[in-house]
>>> print(open('structure-v1.txt').read())   # compact mmCIF, C-alpha atoms
# COMPACT_ATOMS: atom_id res chain seq x y z
CA MET A 1 94.80 90.31 100.38
CA HIS A 2 98.29 91.56 99.54
CA PRO A 3 100.88 91.42 102.35
CA ALA A 4 101.84 95.05 101.71
CA TYR A 5 98.38 96.64 101.62
CA ASP A 6 94.62 96.28 101.91
CA LEU A 7 92.59 97.34 98.88
CA TYR A 8 88.90 98.19 99.05
CA GLY A 9 86.35 99.12 96.39
CA ALA A 10 88.52 98.41 93.38
CA LYS A 11 86.03 96.34 91.37
CA ASN A 12 83.81 99.25 90.36
CA PRO A 13 85.81 102.35 91.30
CA GLY A 14 84.31 105.80 91.30
CA PRO A 15 86.45 108.76 90.32
CA VAL A 16 87.91 109.16 93.85
CA CYS A 17 90.76 107.02 95.16
CA ILE A 18 92.02 107.31 98.73
CA ALA A 19 95.62 106.43 99.60
CA VAL A 20 96.75 105.84 103.20
CA PRO A 21 100.51 105.17 102.88
CA HIS A 22 101.43 105.84 106.53
CA GLY A 23 98.65 103.82 108.18
CA GLY A 24 100.48 100.48 108.44
CA ARG A 25 100.69 98.79 111.84
CA ASP A 26 101.91 95.25 111.04
CA TYR A 27 105.15 95.23 113.05
CA PRO A 28 107.25 92.05 112.77
CA ALA A 29 108.60 90.77 116.07
CA GLU A 30 112.15 90.59 114.75
CA ILE A 31 112.60 94.37 114.59
CA ALA A 32 112.49 94.88 118.38
CA PRO A 33 116.14 93.81 119.02
CA VAL A 34 117.52 96.22 116.42
CA LEU A 35 115.51 99.26 117.50
CA ALA A 36 117.39 101.90 119.46
CA MET A 37 114.27 102.72 121.49
CA PRO A 38 111.17 100.86 122.65
CA LEU A 39 108.74 100.06 119.84
CA ALA A 40 106.00 102.01 121.63
CA ARG A 41 108.11 105.13 121.24
CA ALA A 42 109.32 104.36 117.72
CA ARG A 43 105.71 104.08 116.63
CA GLY A 44 105.57 107.85 116.93
CA ILE A 45 106.75 107.96 113.32
CA GLU A 46 103.50 106.49 112.02
CA ASP A 47 100.34 108.44 111.29
CA ARG A 48 98.73 106.86 114.30
CA TYR A 49 95.41 105.19 113.41
CA VAL A 50 94.87 107.46 110.41
CA ASP A 51 93.49 104.46 108.53
CA LEU A 52 90.41 104.61 110.77
CA LEU A 53 89.56 107.94 109.16
CA ALA A 54 89.02 106.13 105.85
CA ASP A 55 86.56 103.57 107.26
CA GLU A 56 83.38 105.48 106.43
CA ALA A 57 84.61 106.26 102.92
CA ILE A 58 85.33 102.56 102.46
CA ALA A 59 81.83 101.74 103.69
CA ARG A 60 80.43 104.13 101.05
CA GLY A 61 82.31 102.29 98.33
CA HIS A 62 85.26 104.58 97.60
CA CYS A 63 88.38 102.85 96.31
CA THR A 64 90.90 102.93 99.15
CA LEU A 65 94.44 101.60 99.45
CA VAL A 66 95.73 101.24 103.03
CA ALA A 67 99.33 100.26 103.71
CA ARG A 68 99.87 97.29 106.02
CA THR A 69 103.63 97.77 106.38
CA PRO A 70 104.64 100.42 108.93
CA ARG A 71 106.44 103.56 107.86
CA LEU A 72 109.17 102.52 110.30
CA LEU A 73 110.26 99.80 107.84
CA ILE A 74 109.79 101.67 104.56
CA ASP A 75 108.20 105.00 103.76
CA LEU A 76 105.78 104.71 100.85
CA ASN A 77 105.71 108.50 100.53
CA ARG A 78 109.37 108.57 99.49
CA ALA A 79 111.06 107.72 96.20
CA GLU A 80 113.10 104.53 96.00
CA THR A 81 116.25 106.64 95.69
CA ASP A 82 115.53 108.96 98.63
CA ILE A 83 118.20 107.33 100.78
CA ASP A 84 120.99 108.73 102.89
CA PRO A 85 123.90 106.39 101.98
CA ALA A 86 125.20 106.66 105.55
CA THR A 87 122.10 104.88 106.85
CA VAL A 88 122.29 101.76 104.62
CA GLU A 89 125.08 99.18 104.89
CA GLY A 90 126.80 98.80 101.55
CA CYS A 91 124.74 101.49 99.83
CA MET A 92 126.39 102.80 96.68
CA VAL A 93 126.41 106.58 96.69
CA HIS A 94 125.58 106.75 92.97
CA GLY A 95 122.42 104.69 93.58
CA ALA A 96 121.00 107.13 96.11
CA ARG A 97 119.65 110.62 95.51
CA PRO A 98 118.77 111.86 98.98
CA THR A 99 116.43 114.79 99.41
CA TYR A 100 116.35 117.05 102.46
CA ARG A 101 113.94 114.52 103.99
CA ALA A 102 116.48 111.70 103.87
CA ARG A 103 119.26 113.95 105.11
CA GLY A 104 117.04 114.74 108.09
CA GLY A 105 116.52 111.06 108.88
CA LEU A 106 113.12 110.68 107.21
CA GLY A 107 113.97 109.10 103.88
CA LEU A 108 112.86 105.83 102.35
CA ILE A 109 114.11 103.98 105.43
CA PRO A 110 113.54 106.32 108.38
CA ASP A 111 116.61 106.58 110.55
CA ARG A 112 115.64 109.17 113.12
CA LEU A 113 112.51 110.04 115.10
CA PRO A 114 112.24 113.83 115.40
CA GLY A 115 112.78 114.85 118.99
CA ALA A 116 113.80 111.34 120.09
CA GLY A 117 117.01 110.45 118.24
CA PRO A 118 118.21 107.47 116.18
CA LEU A 119 115.71 104.70 115.50
CA TRP A 120 118.07 101.78 114.85
CA ARG A 121 120.99 100.09 116.60
CA ARG A 122 122.50 99.12 113.25
CA ARG A 123 122.05 100.07 109.63
CA VAL A 124 119.79 98.12 107.30
CA ASP A 125 121.68 96.12 104.67
CA MET A 126 121.21 96.49 100.92
CA ALA A 127 119.61 93.05 100.51
CA THR A 128 116.91 93.90 103.07
CA LEU A 129 116.33 97.28 101.47
CA ALA A 130 115.99 95.74 98.00
CA ASP A 131 113.55 93.15 99.37
CA ARG A 132 111.34 95.82 100.96
CA ILE A 133 111.32 97.86 97.76
CA ALA A 134 110.39 94.85 95.64
CA LYS A 135 107.75 93.40 97.96
CA ILE A 136 106.24 96.52 99.54
CA HIS A 137 107.05 99.83 97.85
CA ARG A 138 106.61 98.82 94.22
CA PRO A 139 103.44 96.74 94.73
CA TYR A 140 101.79 99.56 96.68
CA HIS A 141 102.45 102.14 93.99
CA ALA A 142 101.54 99.74 91.20
CA ALA A 143 98.19 99.11 92.90
CA LEU A 144 97.59 102.83 93.36
CA ALA A 145 98.43 103.54 89.73
CA LYS A 146 96.02 100.81 88.66
CA CYS A 147 93.21 102.27 90.80
CA LEU A 148 93.74 105.74 89.40
CA GLY A 149 94.02 104.47 85.86
CA SER A 150 90.79 102.49 86.17
CA ALA A 151 88.99 105.52 87.60
CA GLN A 152 90.29 107.82 84.88
CA ARG A 153 89.24 105.45 82.11
CA ALA A 154 85.80 104.87 83.59
CA HIS A 155 84.96 108.48 84.44
CA GLY A 156 87.26 110.61 82.32
CA HIS A 157 89.12 111.82 85.39
CA ALA A 158 90.40 110.63 88.76
CA ILE A 159 90.95 112.45 92.04
CA MET A 160 93.23 111.05 94.73
CA ILE A 161 93.01 111.92 98.40
CA ASP A 162 96.39 111.15 99.99
CA LEU A 163 95.35 110.85 103.63
CA HIS A 164 97.76 111.60 106.49
CA SER A 165 97.79 112.90 110.03
CA MET A 166 100.15 115.41 111.57
CA PRO A 167 101.39 116.44 115.00
CA PRO A 168 99.57 119.52 116.31
CA LEU A 169 100.84 122.71 114.72
CA THR A 170 101.85 125.56 116.97
CA GLY A 171 100.90 129.20 116.94
CA ARG A 172 97.73 131.18 117.25
CA ASN A 173 95.00 129.99 114.89
CA ALA A 174 97.16 127.06 113.76
CA ALA A 175 95.54 124.91 111.10
CA ASP A 176 93.58 121.76 111.94
CA VAL A 177 93.93 120.55 108.34
CA VAL A 178 96.63 121.17 105.77
CA ILE A 179 95.77 120.57 102.12
CA GLY A 180 98.81 120.04 99.89
CA ASP A 181 98.81 120.17 96.10
CA LEU A 182 102.56 120.55 95.48
CA ASN A 183 102.08 124.32 95.52
CA GLY A 184 99.49 124.36 92.79
CA ILE A 185 100.62 121.70 90.32
CA ALA A 186 98.98 118.45 91.53
CA ALA A 187 95.29 119.32 91.24
CA GLY A 188 92.92 121.74 89.61
CA PRO A 189 92.25 124.76 91.85
CA GLU A 190 88.51 124.02 91.96
CA ILE A 191 89.32 120.70 93.67
CA VAL A 192 91.42 122.33 96.36
CA ASP A 193 88.88 125.14 96.82
CA ALA A 194 86.06 122.63 97.24
CA ALA A 195 88.05 120.56 99.75
CA GLN A 196 88.94 123.62 101.80
CA ALA A 197 85.33 124.82 101.82
CA LEU A 198 84.09 121.44 103.06
CA PHE A 199 86.54 121.36 105.97
CA GLU A 200 85.72 124.95 106.88
CA ARG A 201 81.98 124.20 106.86
CA ASN A 202 82.80 121.63 109.51
CA GLY A 203 84.46 124.25 111.69
CA LEU A 204 88.06 123.33 110.90
CA ARG A 205 90.90 125.76 110.23
CA VAL A 206 92.62 125.05 106.92
CA ALA A 207 96.04 125.89 105.51
CA ARG A 208 97.39 125.18 102.05
CA ASN A 209 100.83 123.68 101.42
CA ILE A 210 102.37 125.06 104.62
CA PRO A 211 104.02 123.18 106.21
CA TYR A 212 103.04 120.15 104.10
CA ALA A 213 102.82 120.55 100.34
CA GLY A 214 102.83 116.84 99.51
CA GLY A 215 105.42 114.14 98.94
CA TYR A 216 106.27 111.31 96.60
CA VAL A 217 102.73 109.95 96.36
CA LEU A 218 101.59 113.18 94.72
CA GLU A 219 104.81 113.64 92.77
CA ARG A 220 104.48 110.20 91.23
CA HIS A 221 100.76 109.88 90.62
CA ALA A 222 99.32 113.36 90.03
CA ARG A 223 98.93 114.07 86.30
CA PRO A 224 96.46 116.94 85.95
CA LEU A 225 97.04 117.24 82.19
CA ALA A 226 95.71 113.67 81.94
CA GLN A 227 92.91 114.51 84.41
CA VAL A 228 94.46 112.61 87.32
CA HIS A 229 94.36 115.08 90.19
CA ALA A 230 95.71 114.60 93.70
CA ILE A 231 95.64 116.38 97.05
CA GLN A 232 97.36 115.52 100.28
CA VAL A 233 95.23 115.95 103.40
CA GLU A 234 96.94 116.24 106.79
CA ILE A 235 94.68 116.00 109.86
CA ASP A 236 95.69 117.23 113.33
CA ARG A 237 95.92 114.10 115.52
CA ARG A 238 94.24 115.90 118.40
CA LEU A 239 91.01 115.78 116.43
CA TYR A 240 90.69 112.00 116.59
CA LEU A 241 93.17 110.55 119.11
CA ASP A 242 93.11 110.57 122.91
CA SER A 243 94.86 113.26 124.95
CA ARG A 244 98.16 111.35 124.76
CA LEU A 245 97.88 111.13 120.95
CA ASP A 246 98.21 107.39 121.36
CA THR A 247 94.88 105.60 120.92
CA PRO A 248 91.64 106.32 119.01
CA GLY A 249 89.52 108.97 120.70
CA PRO A 250 85.93 110.15 120.46
CA GLY A 251 86.66 112.23 117.36
CA VAL A 252 87.27 109.25 115.06
CA ALA A 253 83.66 108.89 113.91
CA ARG A 254 83.29 112.61 113.19
CA LEU A 255 86.50 112.86 111.20
CA ALA A 256 85.77 109.64 109.31
CA GLY A 257 82.42 111.14 108.34
CA ILE A 258 84.09 114.33 107.13
CA ILE A 259 86.60 112.40 105.01
CA ALA A 260 83.76 110.32 103.54
CA ASP A 261 81.85 113.52 102.78
CA LEU A 262 84.96 114.90 101.12
CA ALA A 263 85.21 111.80 98.93
CA ASP A 264 81.50 112.02 98.05
CA MET A 265 81.79 115.70 97.19
CA LEU A 266 84.87 115.24 95.02
CA ALA A 267 83.26 112.26 93.30
CA ALA A 268 80.43 114.55 92.20
CA LEU A 269 82.84 117.25 91.00
CA ARG A 270 83.82 117.40 87.36
CA PRO A 271 87.27 119.02 87.16
CA GLU A 272 87.30 121.87 84.68
CA SER A 273 90.97 122.75 84.81
CA THR A 274 93.46 120.86 82.71
CA LEU A 275 96.47 122.86 83.88
CA PRO A 276 96.60 124.10 87.48
CA ILE A 277 98.22 127.47 88.01
CA ALA A 278 101.48 127.10 89.93
CA ALA A 279 102.07 129.22 92.99
CA GLU A 280 104.69 131.95 92.76
>>> encode(input="structure-v1.txt", output="structure tokens")
Amino acid sequence: MHPAYDLYGAKNPGPVCIAVPHGGRDYPAEIAPVLAMPLARARGIEDRYVDLLADEAIARGHCTLVARTPRLLIDLNRAETDIDPATVEGCMVHGARPTYRARGGLGLIPDRLPGAGPLWRRRVDMATLADRIAKIHRPYHAALAKCLGSAQRAHGHAIMIDLHSMPPLTGRNAADVVIGDLNGIAAGPEIVDAAQALFERNGLRVARNIPYAGGYVLERHARPLAQVHAIQVEIDRRLYLDSRLDTPGPGVARLAGIIADLADMLAALRPESTLPIAAE
């Protein structure tokens, strides 16, 4: 067992690999004094109990990589350089390349909880940041790359499901599931079509790329020209949590079964496309 993640099904991987980068819940006691809000509230930044939705797929033997470290400490779906220099003590501006996510407080080290304000009483120092990158971020992505590489070599292709959960979307007929493929460049269209059809057969409303097209996990690991395809799947938390969106609810088993069915279906799919068509 690695301190940064739990890895399942890696000995004889099928073509499907599941990543759960925002499922970590191992909170060290020493962070409580430096949080600007109670931990129970700060935990709102995690994809609450989304790792439970991978349990049935794990039971069926699909290679799955679940983060142990909480997103609150380091976001595995961000690049190492996606840092707002103002949020890290001693950070050199030339060493950071913040995206709009970091500038909004949701970079490599989250600094702000949307709708609740600053997360920390003081900035993280560079030594702590470097330690988290070396011990958590890099090992997680190295393990994911190894899983995908093993699958591609064994089967001629690999398909990653980057599993997340999202706050409920607003508006009439809002989506229950958002499938992201970086607007058409992370996976062959037949993979995205098949995933959407499976969710819709289960009575779920599906959107593509809006408002979530995918993040660093897809940007780093998707290589369709080398037959390594990837989709991000965002699940509405109302479908599997309680009414407070706080603890596992009665929908966990159903959604875990759907995710496992998705993995089974994609494992049986032979991608035909070598170059996805980008969206306009």
>>> closest_residue(input="structure-v1.txt", among="A:Ile109, A:Cys63, A:Leu76, A:Val206", to="Asp193 in chain A", atoms="all atoms listed in the file")
A:Val206
>>> closest_residue(input="structure-v1.txt", among="A:Gly90, A:Gly257, A:Pro250, A:Pro13", to="Asn202 in chain A", atoms="all atoms listed in the file")
A:Gly257
>>> closest_residue(input="structure-v1.txt", among="A:Val177, A:Ile191, A:Ile133, A:Ile83", to="Arg208 in chain A", atoms="all atoms listed in the file")
A:Val177
>>> residues_around(input="structure-v1.txt", residues="Ile18 in chain A", least_positions_apart="5", cutoff="6 Å", atoms="all atoms listed in the file", output="PyMOL selection string")
chain A and resi 64+160-162
>>> closest_atom_pairs(input="structure-v1.txt", of="range 47-84 of chain A", to="range 138-155 of chain A", cutoff="12 Å", atoms="only C-alpha atoms", output="tab-separated table")
residue	atom	partner	partner_atom	distance
A:His62	CA	A:Cys147	CA	10.7
A:Cys63	CA	A:Cys147	CA	7.4
A:Thr64	CA	A:Cys147	CA	8.7
A:Leu65	CA	A:Leu144	CA	7.0
A:Val66	CA	A:Tyr140	CA	8.9
A:Ala67	CA	A:Tyr140	CA	7.5
A:Arg68	CA	A:Tyr140	CA	9.8
A:Thr69	CA	A:Tyr140	CA	10.0
A:Ile74	CA	A:Arg138	CA	11.2
A:Asp75	CA	A:Tyr140	CA	11.0
A:Leu76	CA	A:Tyr140	CA	7.7
A:Asn77	CA	A:His141	CA	9.7
A:Arg78	CA	A:His141	CA	10.9
A:Ala79	CA	A:Arg138	CA	10.1
A:Glu80	CA	A:Arg138	CA	8.8
>>> closest_residue(input="structure-v1.txt", among="A:Thr81, A:Asp6, A:Trp120, A:Gly115", to="Gly95 in chain A", atoms="all atoms listed in the file")
A:Thr81
>>> residues_around(input="structure-v1.txt", residues="Leu218 in chain A", least_positions_apart="3", cutoff="12 Å", atoms="only C-alpha atoms", output="ChimeraX atom specification")
/A:18-19,21,76-79,141,144-145,159-163,179-187,212-215,221-224,228-233
>>> closest_residue(input="structure-v1.txt", among="A:Arg71, A:Arg48, A:Arg121, A:Arg238", to="Ala32 in chain A", atoms="all atoms listed in the file")
A:Arg121
>>> closest_residue(input="structure-v1.txt", among="A:Gly107, A:Pro38, A:Pro114, A:Gly61", to="Lys11 in chain A", atoms="all atoms listed in the file")
A:Gly61
>>> atom_distance(input="structure-v1.txt", atom1="CA of Ala195 in chain A", atom2="CA of Val217 in chain A")
18.4 Å
>>> residues_around(input="structure-v1.txt", residues="Asp242 in chain A", least_positions_apart="4", cutoff="12 Å", atoms="all atoms listed in the file", output="list in words")
Arg48, Tyr49, Asp236, Arg237, Arg238, Asp246, Thr247, Pro248, Gly249, Pro250, Gly251 and Val252 of chain A
>>> residues_around(input="structure-v1.txt", residues="Ile31 in chain A", least_positions_apart="6", cutoff="10 Å", atoms="all atoms listed in the file", output="list of chain:residue names")
A:Leu39, A:Leu72, A:Leu73, A:Trp120
>>> atom_distance(input="structure-v1.txt", atom1="CA of Val20 in chain A", atom2="CA of Tyr240 in chain A")
15.9 Å
>>> decode(input="structure-v1.txt", residues="range 85-113 of chain A", atoms="N, CA and C atoms", output="compact mmCIF listing (two decimals), in the first residue's frame")
# COMPACT_ATOMS: atom_id res chain seq x y z
N PRO A 85 1.10 32.32 -7.07
CA PRO A 85 2.23 32.63 -6.19
C PRO A 85 1.83 33.31 -4.90
N ALA A 86 0.70 34.01 -4.89
CA ALA A 86 0.26 34.71 -3.69
C ALA A 86 -0.20 33.75 -2.59
N THR A 87 -0.41 32.49 -2.93
CA THR A 87 -0.92 31.54 -1.94
C THR A 87 0.16 30.65 -1.35
N VAL A 88 1.42 30.79 -1.81
CA VAL A 88 2.51 29.95 -1.32
C VAL A 88 3.64 30.84 -0.82
N GLU A 89 4.03 30.66 0.43
CA GLU A 89 5.10 31.45 1.03
C GLU A 89 6.42 31.17 0.34
N GLY A 90 7.04 32.21 -0.20
CA GLY A 90 8.33 32.06 -0.84
C GLY A 90 8.27 31.54 -2.25
N CYS A 91 7.08 31.46 -2.83
CA CYS A 91 6.96 30.92 -4.19
C CYS A 91 7.58 31.90 -5.20
N MET A 92 8.44 31.38 -6.06
CA MET A 92 9.03 32.19 -7.11
C MET A 92 8.03 32.30 -8.27
N VAL A 93 7.77 33.50 -8.69
CA VAL A 93 6.78 33.73 -9.73
C VAL A 93 7.13 32.95 -11.00
N HIS A 94 8.43 32.88 -11.35
CA HIS A 94 8.80 32.20 -12.59
C HIS A 94 8.61 30.69 -12.49
N GLY A 95 8.43 30.15 -11.30
CA GLY A 95 8.22 28.72 -11.14
C GLY A 95 6.77 28.33 -11.16
N ALA A 96 5.88 29.28 -11.25
CA ALA A 96 4.44 29.01 -11.24
C ALA A 96 3.82 29.49 -12.54
N ARG A 97 2.91 28.70 -13.08
CA ARG A 97 2.17 29.08 -14.27
C ARG A 97 0.68 28.87 -13.98
N PRO A 98 0.09 29.79 -13.23
CA PRO A 98 -1.29 29.59 -12.79
C PRO A 98 -2.28 29.67 -13.94
N THR A 99 -3.24 28.74 -13.93
CA THR A 99 -4.36 28.80 -14.84
C THR A 99 -5.50 29.56 -14.17
N TYR A 100 -6.61 29.67 -14.86
CA TYR A 100 -7.78 30.33 -14.27
C TYR A 100 -8.25 29.60 -13.02
N ARG A 101 -7.97 28.29 -12.94
CA ARG A 101 -8.37 27.53 -11.75
C ARG A 101 -7.60 28.01 -10.52
N ALA A 102 -6.29 28.15 -10.65
CA ALA A 102 -5.48 28.62 -9.53
C ALA A 102 -5.84 30.05 -9.16
N ARG A 103 -6.07 30.88 -10.15
CA ARG A 103 -6.42 32.27 -9.86
C ARG A 103 -7.76 32.36 -9.15
N GLY A 104 -8.60 31.35 -9.30
CA GLY A 104 -9.88 31.30 -8.60
C GLY A 104 -9.81 30.58 -7.26
N GLY A 105 -8.60 30.20 -6.84
CA GLY A 105 -8.44 29.55 -5.54
C GLY A 105 -8.46 28.04 -5.59
N LEU A 106 -8.51 27.45 -6.79
CA LEU A 106 -8.60 26.00 -6.91
C LEU A 106 -7.45 25.45 -7.75
N GLY A 107 -6.24 25.84 -7.37
CA GLY A 107 -5.06 25.35 -8.05
C GLY A 107 -4.51 24.10 -7.39
N LEU A 108 -3.21 23.90 -7.56
CA LEU A 108 -2.57 22.70 -7.01
C LEU A 108 -2.78 22.60 -5.51
N ILE A 109 -2.64 23.71 -4.80
CA ILE A 109 -2.98 23.77 -3.38
C ILE A 109 -4.22 24.66 -3.25
N PRO A 110 -5.39 24.06 -3.07
CA PRO A 110 -6.60 24.88 -3.00
C PRO A 110 -6.51 25.91 -1.88
N ASP A 111 -6.95 27.11 -2.19
CA ASP A 111 -6.85 28.21 -1.24
C ASP A 111 -8.21 28.77 -0.85
N ARG A 112 -9.23 28.39 -1.58
CA ARG A 112 -10.55 28.97 -1.35
C ARG A 112 -11.62 27.94 -1.64
N LEU A 113 -12.61 27.87 -0.76
CA LEU A 113 -13.77 27.01 -0.97
C LEU A 113 -14.88 27.85 -1.58
